[in-house]
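Next comes protein.cif, with mmCIF, C-alpha atoms.
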```
data_query
#
loop_
_atom_site.label_atom_id
_atom_site.label_comp_id
_atom_site.auth_asym_id
_atom_site.auth_seq_id
_atom_site.Cartn_x
_atom_site.Cartn_y
_atom_site.Cartn_z
CA MET A 1 30.90 41.38 19.42
CA VAL A 2 27.53 41.98 21.11
CA ARG A 3 25.78 39.70 18.62
CA GLU A 4 28.43 37.01 19.15
CA GLN A 5 27.87 37.20 22.90
CA ILE A 6 24.07 36.94 22.48
CA ILE A 7 24.49 33.67 20.54
CA LYS A 8 27.01 32.30 23.05
CA ASP A 9 24.76 33.15 26.00
CA PHE A 10 21.79 31.50 24.28
CA LEU A 11 23.77 28.30 23.67
CA LYS A 12 25.00 28.22 27.27
CA LYS A 13 21.41 28.36 28.52
CA HIS A 14 19.95 25.80 26.11
CA LEU A 15 22.65 23.14 25.71
CA PRO A 16 23.48 20.41 28.26
CA ASP A 17 25.63 21.39 31.26
CA LEU A 18 28.42 19.10 30.04
CA ILE A 19 29.38 21.74 27.40
CA HIS A 20 31.57 24.86 27.68
CA VAL A 21 30.96 27.62 25.12
CA VAL A 22 34.25 29.46 24.60
CA SER A 23 36.29 31.35 21.99
CA GLY A 24 39.87 30.75 20.92
CA GLN A 25 42.16 28.53 18.90
CA ILE A 26 42.22 24.73 18.71
CA ILE A 27 45.44 22.66 18.73
CA ASP A 28 46.25 18.98 18.23
CA SER A 29 49.07 16.74 19.43
CA LYS A 30 50.89 17.12 16.07
CA GLY A 31 51.30 20.86 16.48
CA ASN A 32 48.53 21.86 14.07
CA TYR A 33 46.34 24.76 15.13
CA THR A 34 43.34 26.64 13.79
CA LYS A 35 42.60 30.26 13.21
CA GLN A 36 40.63 32.16 15.85
CA GLN A 37 37.14 30.66 16.34
CA ASP A 38 34.15 32.84 17.27
CA ALA A 39 32.62 30.07 19.39
CA VAL A 40 33.76 26.55 20.25
CA LEU A 41 31.66 23.94 22.04
CA VAL A 42 33.96 21.95 24.33
CA LEU A 43 33.31 19.04 26.68
CA LYS A 44 33.70 20.20 30.29
CA LYS A 45 35.71 17.07 31.11
CA SER A 46 38.38 18.23 28.64
CA PRO A 47 41.21 20.47 29.90
CA ARG A 48 41.86 23.77 28.17
CA LEU A 49 44.22 26.71 28.60
CA PRO A 50 42.29 29.93 29.32
CA PHE A 51 43.99 33.31 28.97
CA SER A 52 43.18 36.70 30.50
CA SER A 53 42.18 37.97 27.03
CA GLY A 54 39.08 35.82 27.27
CA ASP A 55 40.27 33.42 24.56
CA ASP A 56 41.27 29.81 25.17
CA LEU A 57 43.79 27.41 23.71
CA ILE A 58 41.66 24.30 23.22
CA PHE A 59 42.66 20.65 22.73
CA THR A 60 40.96 19.18 19.67
CA GLU A 61 39.89 15.99 21.46
CA GLY A 62 37.42 17.93 23.60
CA VAL A 63 35.87 19.94 20.76
CA LEU A 64 32.35 19.14 19.57
CA SER A 65 31.70 22.04 17.22
CA THR A 66 33.02 25.33 15.93
CA ILE A 67 30.68 28.21 15.13
CA GLU A 68 31.35 31.29 13.03
CA ILE A 69 28.91 34.07 13.96
CA LYS A 70 28.27 36.78 11.36
CA SER A 71 25.93 39.78 11.30
CA GLN A 72 25.77 39.37 7.52
CA LEU A 73 26.74 36.45 5.31
CA ASN A 74 27.48 36.71 1.59
CA SER A 75 29.81 34.98 -0.87
CA SER A 76 32.93 36.98 0.11
CA VAL A 77 32.39 36.41 3.84
CA LEU A 78 31.68 32.74 3.15
CA LYS A 79 35.02 32.44 1.35
CA SER A 80 36.95 33.80 4.36
CA ILE A 81 35.07 31.45 6.68
CA GLY A 82 35.97 28.55 4.37
CA SER A 83 39.69 29.10 4.94
CA ASN A 84 39.01 29.05 8.68
CA ILE A 85 37.04 25.79 8.43
CA ARG A 86 39.92 24.24 6.49
CA THR A 87 42.23 24.76 9.49
CA VAL A 88 39.70 22.89 11.66
CA ARG A 89 39.51 20.00 9.21
CA ASN A 90 43.33 19.73 9.19
CA LEU A 91 43.41 18.83 12.90
CA GLN A 92 44.35 15.25 13.80
CA PRO A 93 42.78 13.97 17.02
CA SER A 94 44.78 11.41 19.01
CA SER A 95 41.69 9.22 19.42
CA LYS A 96 39.73 8.31 16.31
CA GLY A 97 36.71 7.10 18.23
CA ALA A 98 33.85 5.08 16.87
CA SER A 99 30.85 5.73 14.67
CA TYR A 100 27.52 6.01 16.49
CA THR A 101 24.07 5.74 15.01
CA MET A 102 21.41 8.05 16.42
CA PRO A 103 17.72 8.44 15.50
CA ILE A 104 18.35 11.06 12.79
CA CYS A 105 22.10 11.40 12.91
CA LYS A 106 25.17 9.30 12.07
CA TRP A 107 28.25 11.06 13.37
CA LYS A 108 31.83 9.97 14.13
CA ILE A 109 32.89 11.25 17.52
CA SER A 110 36.34 12.14 16.17
CA ARG A 111 34.77 14.64 13.75
CA ILE A 112 34.23 18.32 14.60
CA LEU A 113 30.94 19.83 13.48
CA THR A 114 31.56 23.08 11.58
CA SER A 115 28.75 25.61 11.43
CA ILE A 116 27.86 29.21 10.68
CA ILE A 117 25.17 31.30 12.36
CA THR A 118 24.14 34.55 10.66
CA TYR A 119 21.61 37.21 11.54
CA ASP A 120 21.12 38.30 7.92
CA GLY A 121 22.50 36.25 5.05
CA SER A 122 22.03 36.30 1.32
CA SER A 123 19.15 34.19 0.02
CA ILE A 124 19.42 30.46 0.64
CA GLU A 125 19.80 29.78 -3.08
CA THR A 126 22.57 32.40 -3.40
CA LEU A 127 24.48 30.83 -0.50
CA LYS A 128 24.11 27.35 -2.00
CA LYS A 129 25.65 28.62 -5.25
CA ALA A 130 28.48 30.40 -3.40
CA ILE A 131 29.34 27.23 -1.48
CA THR A 132 29.97 25.31 -4.72
CA ALA A 133 33.03 27.53 -5.31
CA LEU A 134 34.63 26.36 -2.06
CA ASP A 135 36.96 23.41 -1.71
CA GLU A 136 35.36 20.38 -0.04
CA SER A 137 37.50 20.94 3.09
CA GLU A 138 36.10 24.48 3.39
CA LYS A 139 32.38 23.68 3.29
CA PRO A 140 30.48 23.95 6.59
CA ASP A 141 28.22 21.17 7.86
CA LEU A 142 25.50 23.66 8.81
CA ILE A 143 24.51 27.24 8.01
CA LEU A 144 21.78 28.68 10.25
CA ASP A 145 20.22 31.96 9.12
CA LEU A 146 18.09 33.17 12.01
CA GLY A 147 15.68 34.83 9.59
CA LYS A 148 15.63 32.41 6.65
CA GLY A 149 16.29 28.86 7.81
CA LEU A 150 18.93 26.14 7.85
CA LEU A 151 21.24 24.53 5.29
CA VAL A 152 22.39 20.99 6.18
CA LYS A 153 25.27 19.32 4.31
CA ASN A 154 23.82 16.44 2.33
CA HIS A 155 26.45 13.89 3.45
CA GLY A 156 24.09 11.65 5.40
CA LEU A 157 25.76 12.28 8.76
CA LEU A 158 23.13 14.62 10.19
CA MET A 159 20.02 13.81 8.17
CA GLU A 160 19.09 11.09 5.74
CA MET A 161 20.66 11.89 2.38
CA SER A 162 18.41 13.63 -0.11
CA GLU A 163 18.18 11.89 -3.47
CA ASP A 164 17.92 15.09 -5.51
CA ASP A 165 21.75 15.46 -5.75
CA GLN A 166 21.65 18.80 -3.94
CA GLU A 167 24.81 19.51 -1.95
CA TYR A 168 22.77 20.98 0.92
CA ILE A 169 19.33 20.21 2.28
CA SER A 170 17.26 23.38 2.79
CA ILE A 171 15.00 23.92 5.82
CA SER A 172 13.09 27.10 4.96
CA ASP A 173 11.40 27.52 8.37
CA PRO A 174 13.79 29.41 10.74
CA SER A 175 12.10 27.99 13.86
CA LYS A 176 12.45 24.42 12.64
CA GLY A 177 16.00 25.17 11.52
CA LEU A 178 16.95 26.33 15.03
CA MET A 179 15.27 23.28 16.55
CA LEU A 180 17.24 20.91 14.29
CA TYR A 181 20.48 22.81 14.89
CA LEU A 182 20.16 22.46 18.68
CA THR A 183 19.12 18.81 18.33
CA PHE A 184 22.25 17.97 16.33
CA LEU A 185 24.47 19.65 18.95
CA ILE A 186 22.75 17.83 21.83
CA GLU A 187 23.03 14.42 20.14
CA ILE A 188 26.70 14.87 19.30
CA ALA A 189 27.48 16.09 22.83
CA SER A 190 25.70 13.11 24.38
CA ASN A 191 27.69 10.61 22.34
CA ASN A 192 31.02 12.32 22.99
CA ALA A 193 30.50 12.42 26.76
CA THR A 194 31.89 8.90 27.29
CA LYS A 195 34.66 8.74 24.70
CA ASN A 196 38.19 7.85 25.76
CA ILE A 197 40.97 10.29 24.92
CA LYS A 198 44.69 9.54 24.58
CA TRP A 199 46.08 12.58 26.39
CA ARG A 200 49.60 11.11 26.47
CA ALA A 201 49.83 11.80 22.74
CA TYR A 202 50.71 15.39 23.75
CA TRP A 203 53.89 14.20 25.46
CA ASP A 204 55.77 13.75 22.18
#
```
Write the structure described by the file as structure tokens, please.
Amino acid sequence: MVREQIIKDFLKKHLPDLIHVVSGQIIDSKGNYTKQQDAVLVLKKSPRLPFSSGDDLIFTEGVLSTIEIKSQLNSSVLKSIGSNIRTVRNLQPSSKGASYTMPICKWKISRILTSIITYDGSSIETLKKAITALDESEKPDLILDLGKGLLVKNHGLLMEMSEDDQEYISISDPSKGLMLYLTFLIEIASNNATKNIKWRAYWD
């Protein structure tokens, strides 16, 4: 819990003021909901339902990213995180939004970035092999190991697609990995700031 709070405090200090960093569950207007999320980046203009426990009930339209924070990351932990990510991918936002092109990033504003931050994971190559066993809906967009570097899903939405057929692009420098991770979050937040949301979809 202390390590989770350290990451959340760091993000609060380094990301734009338009973002809340909270924990809780995400819901959509169809009644779908996720498992508990360690950290969720939410637009401040979006309403949410905070509870005295410290967790929030969060509307999917305001969510930019989910983050699973782990002291250690191996294949078994990755598998449990995958089932959590699947619940995020099953959400159906009321507003599909548009596709925006940014300098290094092509991201649909209706899509939620799924990521993992770990203090001490297995080797990058071991994690890449473990990910292949997951269903496509369970694979994170980013894995940031604070000691080893960054894995970026090779889908062309965050970085130019690599032509070597690797499922993930490896950034072996942890400092550069952190820089890219924060850059992706900032770009996505900036583009989502002006999107229109159909809140009346929750009336049904």
Inset, instruction - Report as a PyMOL selection string the full result of the PyMOL selection byres ((chain A and resi 44) around 9) when it is applied to this structure. - result: chain A and resi 17-20+42-43+45-47+62
Inset, instruction - Have a look at CA of Ile188 (chain A) and CA of Ala39 (chain A) and let me know their distance in Å, one decimal. - result: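 One can read the CA of Ile188 (chain A) to CA of Ala39 (chain A) distance as 16.3 Å.
CA of Ile67 (chain A) to CA of Gly31 (chain A) spans 21.9 Å [interatomic distance, one decimal].
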Inset, instruction - Determine the residue membership of the PyMOL selection byres ((chain A and resi 177) around 12) for the file above and supply it as a list in words. - result: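 Applying the PyMOL selection byres ((chain A and resi 177) around 12) to the structure shown produces Ile117, Leu142, Ile143, Leu144, Asp145, Leu146, Gly147, Lys148, Gly149, Leu150, Leu151, Val152, Ile169, Ser170, Ile171, Ser172, Asp173, Pro174, Ser175, Lys176, Leu178, Met179, Leu180, Tyr181, Leu182, Thr183 and Phe184 of chain A.
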Inset, instruction - Evaluate the PyMOL selection byres ((chain A and resi 135) around 10) here and jot the selected residues down as a list in words. - result: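 Selected by the PyMOL selection byres ((chain A and resi 135) around 10) here: Lys79, Gly82, Ser83, Arg86, Ile131, Thr132, Ala133, Leu134, Glu136, Ser137, Glu138 and Lys139 of chain A.
A straight line drawn from CA of Gly121 (chain A) to CA of Glu68 (chain A) is 12.9 Å long.
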Inset, instruction - Name the closest residue to Ala193 (chain A) among the candidates A:Ile109, A:Asp120, A:Arg48, A:Arg3; distances are taken between atoms, counting all atoms listed in the file. - result: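 Answer, going by the shortest atom-to-atom distance: A:Ile109.
The shortest atom-to-atom distance to Gly24 (chain A), with all atoms listed in the file taken into account, belongs to A:Ile58 out of A:Ala201, A:Leu11, A:Leu41, A:Ile58.
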Quick one: residues within 12 Å of Thr66 (chain A), all atoms listed in the file, excluding same-chain residues fewer than 2 positions away - as an mmCIF file with C-alpha atoms, in the frame of the given file?
```cif
data_model
loop_
_atom_site.group_PDB
_atom_site.id
_atom_site.type_symbol
_atom_site.label_atom_id
_atom_site.label_comp_id
_atom_site.auth_asym_id
_atom_site.auth_seq_id
_atom_site.Cartn_x
_atom_site.Cartn_y
_atom_site.Cartn_z
ATOM 1 C CA LYS A 8 27.010 32.300 23.050
ATOM 2 C CA HIS A 20 31.570 24.860 27.680
ATOM 3 C CA VAL A 21 30.960 27.620 25.120
ATOM 4 C CA VAL A 22 34.250 29.460 24.600
ATOM 5 C CA SER A 23 36.290 31.350 21.990
ATOM 6 C CA GLY A 24 39.870 30.750 20.920
ATOM 7 C CA GLN A 25 42.160 28.530 18.900
ATOM 8 C CA ILE A 26 42.220 24.730 18.710
ATOM 9 C CA THR A 34 43.340 26.640 13.790
ATOM 10 C CA LYS A 35 42.600 30.260 13.210
ATOM 11 C CA GLN A 36 40.630 32.160 15.850
ATOM 12 C CA GLN A 37 37.140 30.660 16.340
ATOM 13 C CA ASP A 38 34.150 32.840 17.270
ATOM 14 C CA ALA A 39 32.620 30.070 19.390
ATOM 15 C CA VAL A 40 33.760 26.550 20.250
ATOM 16 C CA LEU A 41 31.660 23.940 22.040
ATOM 17 C CA VAL A 42 33.960 21.950 24.330
ATOM 18 C CA ILE A 58 41.660 24.300 23.220
ATOM 19 C CA THR A 60 40.960 19.180 19.670
ATOM 20 C CA GLY A 62 37.420 17.930 23.600
ATOM 21 C CA VAL A 63 35.870 19.940 20.760
ATOM 22 C CA LEU A 64 32.350 19.140 19.570
ATOM 23 C CA GLU A 68 31.350 31.290 13.030
ATOM 24 C CA ILE A 69 28.910 34.070 13.960
ATOM 25 C CA ILE A 81 35.070 31.450 6.680
ATOM 26 C CA ASN A 84 39.010 29.050 8.680
ATOM 27 C CA ILE A 85 37.040 25.790 8.430
ATOM 28 C CA ARG A 86 39.920 24.240 6.490
ATOM 29 C CA THR A 87 42.230 24.760 9.490
ATOM 30 C CA VAL A 88 39.700 22.890 11.660
ATOM 31 C CA ARG A 89 39.510 20.000 9.210
ATOM 32 C CA ARG A 111 34.770 14.640 13.750
ATOM 33 C CA ILE A 112 34.230 18.320 14.600
ATOM 34 C CA LEU A 113 30.940 19.830 13.480
ATOM 35 C CA THR A 114 31.560 23.080 11.580
ATOM 36 C CA SER A 115 28.750 25.610 11.430
ATOM 37 C CA ILE A 116 27.860 29.210 10.680
ATOM 38 C CA ILE A 117 25.170 31.300 12.360
ATOM 39 C CA PRO A 140 30.480 23.950 6.590
ATOM 40 C CA ASP A 141 28.220 21.170 7.860
ATOM 41 C CA LEU A 142 25.500 23.660 8.810
ATOM 42 C CA ILE A 143 24.510 27.240 8.010
ATOM 43 C CA LEU A 185 24.470 19.650 18.950
#
```
Inset, instruction - Identify which of the residues A:Glu187, A:Ser123, A:Gln92, A:Glu163 lies closest to Lys30 (chain A), counting only C-alpha atoms when measuring atom-to-atom distances. - result: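 Among A:Glu187, A:Ser123, A:Gln92, A:Glu163, it is A:Gln92 that comes nearest to Lys30 (chain A).
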Legend entry - Best match for closeness to Lys108 (chain A) among A:Lys129, A:Arg200, A:Lys12, A:Lys195, counting all atoms listed in the file: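 Of all the options, A:Lys195 lies closest to Lys108 (chain A).
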